[in-house]
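Colleague: My questions will all concern the structure given below.
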Amino acid sequence: MHTNNDNLLELQDLKVSFFTKQGEVKAVDGVSFSVGKEEIVGLVGESGCGKSVTSLSIMRLVPQPAGKIVSGRILFKNEDLMTKSEDQMRQLRGDRISMILQDPMVAMNQLLTVGEQLGEPFRFHDKVKGSLRDMCIALLGKVKVPAPESRVDDYPFQFSGGMSQRALIAMGIANNPDLLIADEPTTALDVSIAAQVLKLMKEIQKETRSSIILITHDLATVAQICTRVLVMYAGRIVENATIKNFYKKPAHPYSKGLIQSVPVLGRPVERLFSIDGQPPSLFEMPEGCRFSPRCSRAEKICFESYPPEIMLEDNHSVACWLYAGN
Amino acid sequence: MQGYILKRILIAMFTIFAVLTVVFFIFRLGPADPVAVMLPPNATPQDAENLTKKFGLDQPLMVQYTNYLKNAFKGDFGTSFRFNEPALKVLFERFPATLQLGLVAFVISVLVGLSVGIISAVKPDSFIDRIGRLVALAGMSLPSFWVGVMLILFFGVTLRWLPIAGKGTLAHYIMPSFCMSLYPIALITRLSRSSMLDALKSDYVVMARIKGVPEFYVILVHAFKNASIPVLTVIFGIFSGLIVGSAVVVEYIFSWPGIGRLVMESYFARDYPVVQVFVIFVTFVVVTMNLIVDIIYAYIDPRIRYQ
Ligand SMILES: Nc1ncnc2c1ncn2[C@@H]1O[C@H](COP(=O)(O)OP(=O)(O)O)[C@@H](O)[C@H]1O
Ligand SMILES: [Mg+2]
């Protein structure tokens, strides 16, 4: 298959399933997209659509033992991660590819100091030069935690939510990874602290020149820092657009719904996605387009077979039968 | 931290005091007249009166109670009728044998229980996990007196491989310690397996892997440290249980010269000061173990230490 050498990451038809007692859950069902160097890509979609599973797959850390990458290729710097051994993957994790989990309160080990946890990416990738403690202090300073010299010895429960999220970001960027996946890094924070954390992430990206996949619920966040948006629905990517195109001419009816349901500025956000109906159960996927039962413009074919990915222009594709005619 | 430990020590002391009180009233206010119970069948009324005086049973209850507490504080829990020696001394003479057997059983239980539990959690449905679950089921459901008797019949009587009674050689330890550790192994295996499974599913473990932390470190440091918190309570509870609970049954079956057998003998011989001091001693062991667990928690869990 053709691979674009400018891409840092390219997913090709990734399928990830959970094999549970109730049956197979196709959490990710044929996802393809790529992330260019120094790009900040937003991955949006309702809760449960497969965003976290997609990102854990990239690190080959799908929850065990139920989860399994069924098929597909994960090209990172043009090498297929699916062919790597567990030890090769371990060497990439926390060094070249890293990730920030959603809830900082549970993503940190409550029984180890923040410093002990910050030092791990250095220790286990043989990056310790001089004093490990000083490296941790510098790292905390980089994510703007005040008084890092004393904070480094604190335990996670002594950190506020925003501070914990900063510490978590610090763990993610310790070794200046080429790819940083941030899984809803601001969802657990209140609005003003979330804005600070986003600003920090953008600054860090400028400095480290990493590529970032930013998973979020919040389209305002996407508009603020992303260059491109991937819209995910029920285990598939339904639209892939530049930020400009996405807001000016969203193509997929689901994307349109998302944009329309963005709340008015200044009003507190209660429920972001208020499109009628529920996403389908992953056990009983509709035959055709997964969105068809909720789509006001669905036609006969939409219920029968899944739409192909249609290129609308460079850097803008959609999976929707409405655009198949042209 | 100091405040926390001080509080625990006070609670421990209060518990011991409460048990001393309960023991006093149970032994004094029970339906049986202790003097009548203690006396041989051919005793004269004069004997009964002497005994009543000797134990101060003719005094008001509150005076008896304060004397009892005062004596207990000095380590005086009365005199054994059978040995005509202080009850506590009689108990302590037999305690080393119980402690030795208990320690052997304890070490076996912890080593086997923890390793099988951890391996089962790391590799669910593996061979070890299946065996572990079978052993856990057996250990939970088979009563130790039955296992003990079966062991004696098979290895002692039929095969004649192992000595069936007494203490002396290393071989004497095999059957009683196996018998005593079966239930604790089951308990520790089950609990450490389930708390390790929970820990391994948690976000901080995923985060550690994301950082490229090697798997053995993820398991033994990140997951196990958290999983050990619920397991520790059980482990120390088991230690007290081994010293006192299973000791009574197992020492009796295998004629092991420890405090378990002593208390049975004393019970049948109506040597009630020894029975009483046994109950108080058991309380003391349990309370001390709980105190140790609480202090260990403070070392493991910073949320307790800094509270
Ligand atoms: N450990 C698991 N076991 C079984 N199913 C899971 C597990 N983790 C995730 N899933 C399934 O995968 C789907 C996608 O989950 P996820 O990627 O976490 O969604 P989100 O888009 O909210 O991050 C969920 O709807 C869920 O059914
Ligand atoms: Mg998620």
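As shown in the structure tokens, the chain order sets the letters A, B, ...; within each chain, residues go from 1, and ligands are also counted from 1 in the order they appear.
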Considering only C-alpha atoms, extract the chain A residues located within 8 Å of chain B and return them as a compact mmCIF listing (two decimals) with C-alpha atoms, in the first residue's frame.
Modeller:
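Below is the file that was written, out02.txt:
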# COMPACT_ATOMS: atom_id res chain seq x y z
CA MET A 59 0.55 2.26 21.69
CA LEU A 61 -1.98 -1.13 24.93
CA PRO A 63 -7.08 -3.41 27.55
CA ARG A 90 8.15 -0.69 25.41
CA GLN A 91 11.16 1.21 24.17
CA LEU A 92 8.97 3.38 21.95
CA ARG A 93 6.41 4.08 24.66
CA GLY A 94 7.16 7.07 26.79
CA ASP A 95 10.02 7.90 24.49
CA SER A 98 3.42 9.05 24.55
CA MET A 99 -0.03 9.60 25.89
CA ILE A 100 -1.82 11.62 28.53
CA LEU A 101 -4.80 9.97 30.13
CA VAL A 106 -6.68 8.11 38.77
CA ALA A 107 -3.88 8.18 36.20
CA MET A 108 -1.33 8.80 38.91
CA ASN A 109 -0.31 6.17 41.40
CA GLN A 110 -1.45 7.51 44.77
CA LEU A 111 1.27 5.64 46.65
CA GLU A 120 10.17 6.87 35.20
CA PRO A 121 10.30 7.93 31.54
CA PHE A 124 13.51 3.35 31.94
CA HIS A 125 14.82 4.86 28.72
CA TYR A 155 2.14 12.80 46.65
CA PHE A 157 -3.30 13.68 46.58
CA MET A 171 5.25 12.65 32.17
CA GLY A 172 4.00 12.56 28.59
Colleague: Tell me which protein, DNA and RNA residues are within 7 Å of range 242-258 of chain A, counting only C-alpha atoms, leaving out same-chain ones fewer than 5 positions away, and put them as a list in words.
Modeller: Ala223, Cys226, Thr227, Arg228, Val229, Phe273, Ile275, Cys295, Asn315, His316, Val318 and Cys320 of chain A
Colleague: With a distance cut-off of 6 Å and only C-alpha atoms, select the neighbouring residues of Val238 in chain A, excluding the residue or stretch itself and same-chain residues fewer than 4 positions from it, and output the selection as a VMD selection string.
Modeller: chain A and resid 231 to 232 318 to 319
Colleague: Output the selection as a PDB file, in the first residue's frame - all heavy atoms for each residue.
Modeller:
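So again19.pdb came out as:
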ATOM      1  N   VAL A 231     -13.659  13.257  12.758  1.00  0.00           N
ATOM      2  CA  VAL A 231     -14.901  13.027  13.477  1.00  0.00           C
ATOM      3  C   VAL A 231     -15.155  11.527  13.504  1.00  0.00           C
ATOM      4  O   VAL A 231     -15.152  10.863  12.467  1.00  0.00           O
ATOM      5  CB  VAL A 231     -16.086  13.750  12.803  1.00  0.00           C
ATOM      6  CG1 VAL A 231     -17.361  13.517  13.600  1.00  0.00           C
ATOM      7  CG2 VAL A 231     -15.786  15.230  12.675  1.00  0.00           C
ATOM      8  N   MET A 232     -15.338  11.016  14.693  1.00  0.00           N
ATOM      9  CA  MET A 232     -15.513   9.575  14.845  1.00  0.00           C
ATOM     10  C   MET A 232     -16.945   9.282  15.270  1.00  0.00           C
ATOM     11  O   MET A 232     -17.522   9.998  16.089  1.00  0.00           O
ATOM     12  CB  MET A 232     -14.529   9.065  15.896  1.00  0.00           C
ATOM     13  CG  MET A 232     -14.317   7.585  15.839  1.00  0.00           C
ATOM     14  SD  MET A 232     -12.846   7.134  16.768  1.00  0.00           S
ATOM     15  CE  MET A 232     -12.896   5.371  16.516  1.00  0.00           C
ATOM     16  N   VAL A 318     -15.159  12.486   3.462  1.00  0.00           N
ATOM     17  CA  VAL A 318     -16.341  12.200   4.254  1.00  0.00           C
ATOM     18  C   VAL A 318     -16.830  10.803   3.899  1.00  0.00           C
ATOM     19  O   VAL A 318     -16.629  10.342   2.774  1.00  0.00           O
ATOM     20  CB  VAL A 318     -17.430  13.276   4.010  1.00  0.00           C
ATOM     21  CG1 VAL A 318     -17.932  13.202   2.577  1.00  0.00           C
ATOM     22  CG2 VAL A 318     -18.574  13.147   5.000  1.00  0.00           C
ATOM     23  N   ALA A 319     -17.416  10.119   4.867  1.00  0.00           N
ATOM     24  CA  ALA A 319     -18.010   8.819   4.578  1.00  0.00           C
ATOM     25  C   ALA A 319     -19.520   8.997   4.644  1.00  0.00           C
ATOM     26  O   ALA A 319     -20.117   8.894   5.719  1.00  0.00           O
ATOM     27  CB  ALA A 319     -17.532   7.785   5.588  1.00  0.00           C
TER      28      ALA A 319
END
Colleague: Please check which protein, DNA or RNA residues sit within 12 Å of ligand 2, counting only C-alpha atoms and all ligand atoms, and write them as JSON, numbers by chain.
Modeller: {"A": [27, 43, 44, 45, 46, 47, 48, 49, 50, 51, 52, 53, 54, 55, 56, 100, 101, 102, 103, 181, 182, 183, 184, 185, 187, 188, 214, 215, 216, 217, 232], "B": [203]}
Colleague: Residues near Ser80 in chain B, anyone? I mean within 10 Å using only C-alpha atoms, not counting same-chain ones fewer than 2 positions away, as a list in words.
Modeller: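 These residues fall inside the cut-off: Phe77, Gly78, Arg82, Phe83, Asn84, Glu85, Pro86, Ala87, Leu88, Lys89, Val90, Leu91, Ser266, Arg270, Asp271, Tyr272, Pro273, Val274, Val275 and Val277 of chain B.
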Colleague: Can you tell me, as a short mmCIF file (atom, residue, chain, number, x, y, z; two decimals) with C-alpha atoms, in the first residue's frame, what residues are no more than 9 Å from range 159-172 of chain B when counting only C-alpha atoms, ignoring any on the same chain fewer than 2 positions away?
Modeller:
data_model
loop_
_atom_site.label_atom_id
_atom_site.label_comp_id
_atom_site.auth_asym_id
_atom_site.auth_seq_id
_atom_site.Cartn_x
_atom_site.Cartn_y
_atom_site.Cartn_z
CA ALA B 97 5.89 -24.42 70.33
CA LEU B 151 -3.23 -36.73 56.45
CA ILE B 152 -2.58 -38.79 59.55
CA LEU B 153 -4.41 -41.78 58.05
CA PHE B 154 -2.66 -41.59 54.72
CA PHE B 155 0.89 -40.37 55.36
CA GLY B 156 1.14 -41.47 58.97
CA VAL B 157 -0.75 -44.73 59.29
CA ILE B 174 5.11 -31.07 57.71
CA MET B 175 1.57 -32.29 58.31
CA PRO B 176 0.46 -29.79 60.97
CA GLU B 251 -2.39 -29.01 67.93
CA ILE B 253 -5.07 -33.55 66.36
CA PHE B 254 -1.29 -33.77 66.09
CA SER B 255 -0.61 -33.67 69.85
CA TRP B 256 1.52 -30.59 69.37
CA PRO B 257 2.68 -29.30 72.76
#
Colleague: Would you return as a PyMOL selection string the members of range 133-314 of chain A that DSSP assigns to helix (DSSP H, G or I) on this structure's backbone?
Modeller: chain A and resi 133-142+148-151+156-158+161-173+191-208+219-225+243-248+253-260+292-294+300-304
Colleague: Could you state the separation of CA of Val25 in chain A and atom 19 (O, counted along the ligand's line) of ligand 1 in Å, given to one decimal place?
Modeller: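 We find that CA of Val25 in chain A and atom 19 (O, counted along the ligand's line) of ligand 1 lie 11.8 Å from each other.
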Colleague: What lies within 10 Å of Asn290 in chain B using only C-alpha atoms, ignoring chain neighbours under 5 positions off, as a list in words?
Modeller: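 Non-adjacent residues within range: Arg8, Ala12, Thr233, Phe236, Gly237, Ser240, Phe284, Val285, Ile295 and Ile296 of chain B.
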Colleague: Using the selection just defined, write its residues with all heavy atoms as a PDB file, in the first residue's frame.
Modeller:
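Result file selection39.pdb:
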ATOM      1  N   ARG B   8      -4.265   5.049  67.363  1.00  0.00           N
ATOM      2  CA  ARG B   8      -4.369   3.593  67.213  1.00  0.00           C
ATOM      3  C   ARG B   8      -3.973   2.894  68.520  1.00  0.00           C
ATOM      4  O   ARG B   8      -4.597   1.922  68.913  1.00  0.00           O
ATOM      5  CB  ARG B   8      -3.444   3.094  66.096  1.00  0.00           C
ATOM      6  CG  ARG B   8      -3.767   3.610  64.737  1.00  0.00           C
ATOM      7  CD  ARG B   8      -5.044   3.023  64.224  1.00  0.00           C
ATOM      8  NE  ARG B   8      -5.872   4.127  63.741  1.00  0.00           N
ATOM      9  CZ  ARG B   8      -7.060   4.012  63.211  1.00  0.00           C
ATOM     10  NH1 ARG B   8      -7.624   2.829  63.110  1.00  0.00           N
ATOM     11  NH2 ARG B   8      -7.716   5.069  62.813  1.00  0.00           N
ATOM     12  N   ALA B  12      -6.205   0.470  70.786  1.00  0.00           N
ATOM     13  CA  ALA B  12      -5.764  -0.888  71.126  1.00  0.00           C
ATOM     14  C   ALA B  12      -5.858  -1.111  72.638  1.00  0.00           C
ATOM     15  O   ALA B  12      -6.352  -2.143  73.094  1.00  0.00           O
ATOM     16  CB  ALA B  12      -4.334  -1.108  70.643  1.00  0.00           C
ATOM     17  N   THR B 233      -4.333  -6.613  55.654  1.00  0.00           N
ATOM     18  CA  THR B 233      -5.241  -6.842  56.764  1.00  0.00           C
ATOM     19  C   THR B 233      -5.448  -8.333  56.957  1.00  0.00           C
ATOM     20  O   THR B 233      -5.392  -8.851  58.077  1.00  0.00           O
ATOM     21  CB  THR B 233      -6.612  -6.210  56.479  1.00  0.00           C
ATOM     22  OG1 THR B 233      -6.396  -4.925  55.944  1.00  0.00           O
ATOM     23  CG2 THR B 233      -7.444  -6.133  57.727  1.00  0.00           C
ATOM     24  N   PHE B 236      -2.271 -10.268  58.296  1.00  0.00           N
ATOM     25  CA  PHE B 236      -2.027 -10.160  59.730  1.00  0.00           C
ATOM     26  C   PHE B 236      -3.154 -10.799  60.540  1.00  0.00           C
ATOM     27  O   PHE B 236      -2.918 -11.345  61.605  1.00  0.00           O
ATOM     28  CB  PHE B 236      -1.775  -8.713  60.131  1.00  0.00           C
ATOM     29  CG  PHE B 236      -0.360  -8.313  59.863  1.00  0.00           C
ATOM     30  CD1 PHE B 236       0.021  -7.901  58.605  1.00  0.00           C
ATOM     31  CD2 PHE B 236       0.596  -8.411  60.846  1.00  0.00           C
ATOM     32  CE1 PHE B 236       1.341  -7.567  58.337  1.00  0.00           C
ATOM     33  CE2 PHE B 236       1.912  -8.083  60.596  1.00  0.00           C
ATOM     34  CZ  PHE B 236       2.284  -7.662  59.332  1.00  0.00           C
ATOM     35  N   GLY B 237      -4.356 -10.707  60.002  1.00  0.00           N
ATOM     36  CA  GLY B 237      -5.465 -11.399  60.650  1.00  0.00           C
ATOM     37  C   GLY B 237      -5.186 -12.887  60.684  1.00  0.00           C
ATOM     38  O   GLY B 237      -5.429 -13.559  61.690  1.00  0.00           O
ATOM     39  N   SER B 240      -2.760 -13.918  63.479  1.00  0.00           N
ATOM     40  CA  SER B 240      -3.429 -14.115  64.766  1.00  0.00           C
ATOM     41  C   SER B 240      -4.249 -15.389  64.741  1.00  0.00           C
ATOM     42  O   SER B 240      -4.259 -16.162  65.700  1.00  0.00           O
ATOM     43  CB  SER B 240      -4.359 -12.944  65.094  1.00  0.00           C
ATOM     44  OG  SER B 240      -3.857 -11.752  64.604  1.00  0.00           O
ATOM     45  N   PHE B 284      -4.861 -10.062  73.139  1.00  0.00           N
ATOM     46  CA  PHE B 284      -3.660  -9.243  73.082  1.00  0.00           C
ATOM     47  C   PHE B 284      -2.954  -9.417  71.733  1.00  0.00           C
ATOM     48  O   PHE B 284      -2.561  -8.449  71.086  1.00  0.00           O
ATOM     49  CB  PHE B 284      -2.738  -9.628  74.236  1.00  0.00           C
ATOM     50  CG  PHE B 284      -1.606  -8.683  74.416  1.00  0.00           C
ATOM     51  CD1 PHE B 284      -1.810  -7.449  75.021  1.00  0.00           C
ATOM     52  CD2 PHE B 284      -0.333  -8.998  73.950  1.00  0.00           C
ATOM     53  CE1 PHE B 284      -0.764  -6.557  75.171  1.00  0.00           C
ATOM     54  CE2 PHE B 284       0.712  -8.105  74.099  1.00  0.00           C
ATOM     55  CZ  PHE B 284       0.499  -6.887  74.704  1.00  0.00           C
ATOM     56  N   VAL B 285      -2.843 -10.675  71.282  1.00  0.00           N
ATOM     57  CA  VAL B 285      -2.186 -10.944  69.993  1.00  0.00           C
ATOM     58  C   VAL B 285      -2.960 -10.273  68.865  1.00  0.00           C
ATOM     59  O   VAL B 285      -2.385  -9.582  68.019  1.00  0.00           O
ATOM     60  CB  VAL B 285      -2.078 -12.466  69.743  1.00  0.00           C
ATOM     61  CG1 VAL B 285      -1.607 -12.748  68.325  1.00  0.00           C
ATOM     62  CG2 VAL B 285      -1.132 -13.096  70.748  1.00  0.00           C
ATOM     63  N   ILE B 295      -0.107   0.611  61.514  1.00  0.00           N
ATOM     64  CA  ILE B 295       1.139   1.370  61.380  1.00  0.00           C
ATOM     65  C   ILE B 295       1.766   1.123  60.009  1.00  0.00           C
ATOM     66  O   ILE B 295       2.245   2.046  59.354  1.00  0.00           O
ATOM     67  CB  ILE B 295       2.109   1.016  62.529  1.00  0.00           C
ATOM     68  CG1 ILE B 295       1.517   1.529  63.854  1.00  0.00           C
ATOM     69  CG2 ILE B 295       3.482   1.633  62.299  1.00  0.00           C
ATOM     70  CD1 ILE B 295       2.270   1.109  65.092  1.00  0.00           C
ATOM     71  N   ILE B 296       1.704  -0.127  59.544  1.00  0.00           N
ATOM     72  CA  ILE B 296       2.247  -0.414  58.203  1.00  0.00           C
ATOM     73  C   ILE B 296       1.470   0.374  57.141  1.00  0.00           C
ATOM     74  O   ILE B 296       2.051   0.939  56.220  1.00  0.00           O
ATOM     75  CB  ILE B 296       2.181  -1.928  57.899  1.00  0.00           C
ATOM     76  CG1 ILE B 296       3.150  -2.683  58.812  1.00  0.00           C
ATOM     77  CG2 ILE B 296       2.545  -2.196  56.445  1.00  0.00           C
ATOM     78  CD1 ILE B 296       3.133  -4.182  58.612  1.00  0.00           C
TER      79      ILE B 296
END
Colleague: Using DSSP on the backbone coordinates, identify all residues within range 4-153 of chain A classified as strand (DSSP E); present the result as a PDB file with C-alpha atoms, in the first residue's frame.
Modeller:
ATOM      1  CA  ASN A   7       3.326  11.231   7.718  1.00  0.00           C
ATOM      2  CA  LEU A   8       4.499  10.480  11.180  1.00  0.00           C
ATOM      3  CA  LEU A   9       1.626   8.114  11.829  1.00  0.00           C
ATOM      4  CA  GLU A  10      -0.671   6.319   9.484  1.00  0.00           C
ATOM      5  CA  LEU A  11      -3.473   4.006  10.543  1.00  0.00           C
ATOM      6  CA  GLN A  12      -4.715   1.673   7.832  1.00  0.00           C
ATOM      7  CA  ASP A  13      -8.049  -0.023   8.339  1.00  0.00           C
ATOM      8  CA  LEU A  14      -7.540  -0.560  12.052  1.00  0.00           C
ATOM      9  CA  LYS A  15     -10.008  -2.938  13.666  1.00  0.00           C
ATOM     10  CA  VAL A  16     -10.099  -3.506  17.397  1.00  0.00           C
ATOM     11  CA  SER A  17     -12.595  -5.729  19.161  1.00  0.00           C
ATOM     12  CA  PHE A  18     -13.412  -6.720  22.685  1.00  0.00           C
ATOM     13  CA  PHE A  19     -14.393 -10.336  23.072  1.00  0.00           C
ATOM     14  CA  THR A  20     -16.850 -10.321  25.943  1.00  0.00           C
ATOM     15  CA  GLY A  23     -20.213 -11.255  22.165  1.00  0.00           C
ATOM     16  CA  GLU A  24     -17.727  -9.331  20.082  1.00  0.00           C
ATOM     17  CA  VAL A  25     -17.718  -5.557  20.539  1.00  0.00           C
ATOM     18  CA  LYS A  26     -16.240  -3.915  17.489  1.00  0.00           C
ATOM     19  CA  ALA A  27     -14.985  -0.834  19.296  1.00  0.00           C
ATOM     20  CA  VAL A  28     -12.865   0.324  16.362  1.00  0.00           C
ATOM     21  CA  ASP A  29     -14.084  -0.893  13.014  1.00  0.00           C
ATOM     22  CA  GLY A  30     -11.878   0.063  10.104  1.00  0.00           C
ATOM     23  CA  VAL A  31     -10.261   3.336  11.032  1.00  0.00           C
ATOM     24  CA  SER A  32      -7.773   4.948   8.678  1.00  0.00           C
ATOM     25  CA  PHE A  33      -6.154   8.328   9.083  1.00  0.00           C
ATOM     26  CA  SER A  34      -2.752   9.874   9.166  1.00  0.00           C
ATOM     27  CA  VAL A  35      -0.987  12.458  11.266  1.00  0.00           C
ATOM     28  CA  GLY A  36       1.681  14.652   9.725  1.00  0.00           C
ATOM     29  CA  ILE A  40      -2.217  18.916  15.928  1.00  0.00           C
ATOM     30  CA  VAL A  41      -5.133  16.721  14.979  1.00  0.00           C
ATOM     31  CA  GLY A  42      -8.398  16.785  16.880  1.00  0.00           C
ATOM     32  CA  LEU A  43     -10.309  13.517  17.322  1.00  0.00           C
ATOM     33  CA  VAL A  44     -13.909  14.214  18.294  1.00  0.00           C
ATOM     34  CA  GLY A  67      -9.308  -6.470  23.778  1.00  0.00           C
ATOM     35  CA  LYS A  68      -7.497  -7.411  20.605  1.00  0.00           C
ATOM     36  CA  ILE A  69      -6.289  -5.597  17.513  1.00  0.00           C
ATOM     37  CA  VAL A  70      -8.018  -7.733  14.913  1.00  0.00           C
ATOM     38  CA  SER A  71      -6.460  -6.296  11.794  1.00  0.00           C
ATOM     39  CA  GLY A  72      -4.948  -3.243  10.209  1.00  0.00           C
ATOM     40  CA  ARG A  73      -1.600  -1.530  10.106  1.00  0.00           C
ATOM     41  CA  ILE A  74      -0.184   1.103  12.417  1.00  0.00           C
ATOM     42  CA  LEU A  75       2.635   2.813  10.575  1.00  0.00           C
ATOM     43  CA  PHE A  76       4.804   4.990  12.755  1.00  0.00           C
ATOM     44  CA  GLU A  79       7.358   1.113  10.308  1.00  0.00           C
ATOM     45  CA  ASP A  80       4.433  -1.129  11.149  1.00  0.00           C
ATOM     46  CA  ILE A  97       5.131   7.929  21.424  1.00  0.00           C
ATOM     47  CA  SER A  98       3.425   9.051  24.553  1.00  0.00           C
ATOM     48  CA  MET A  99      -0.032   9.604  25.891  1.00  0.00           C
ATOM     49  CA  ILE A 100      -1.825  11.616  28.532  1.00  0.00           C
TER      50      ILE A 100
END
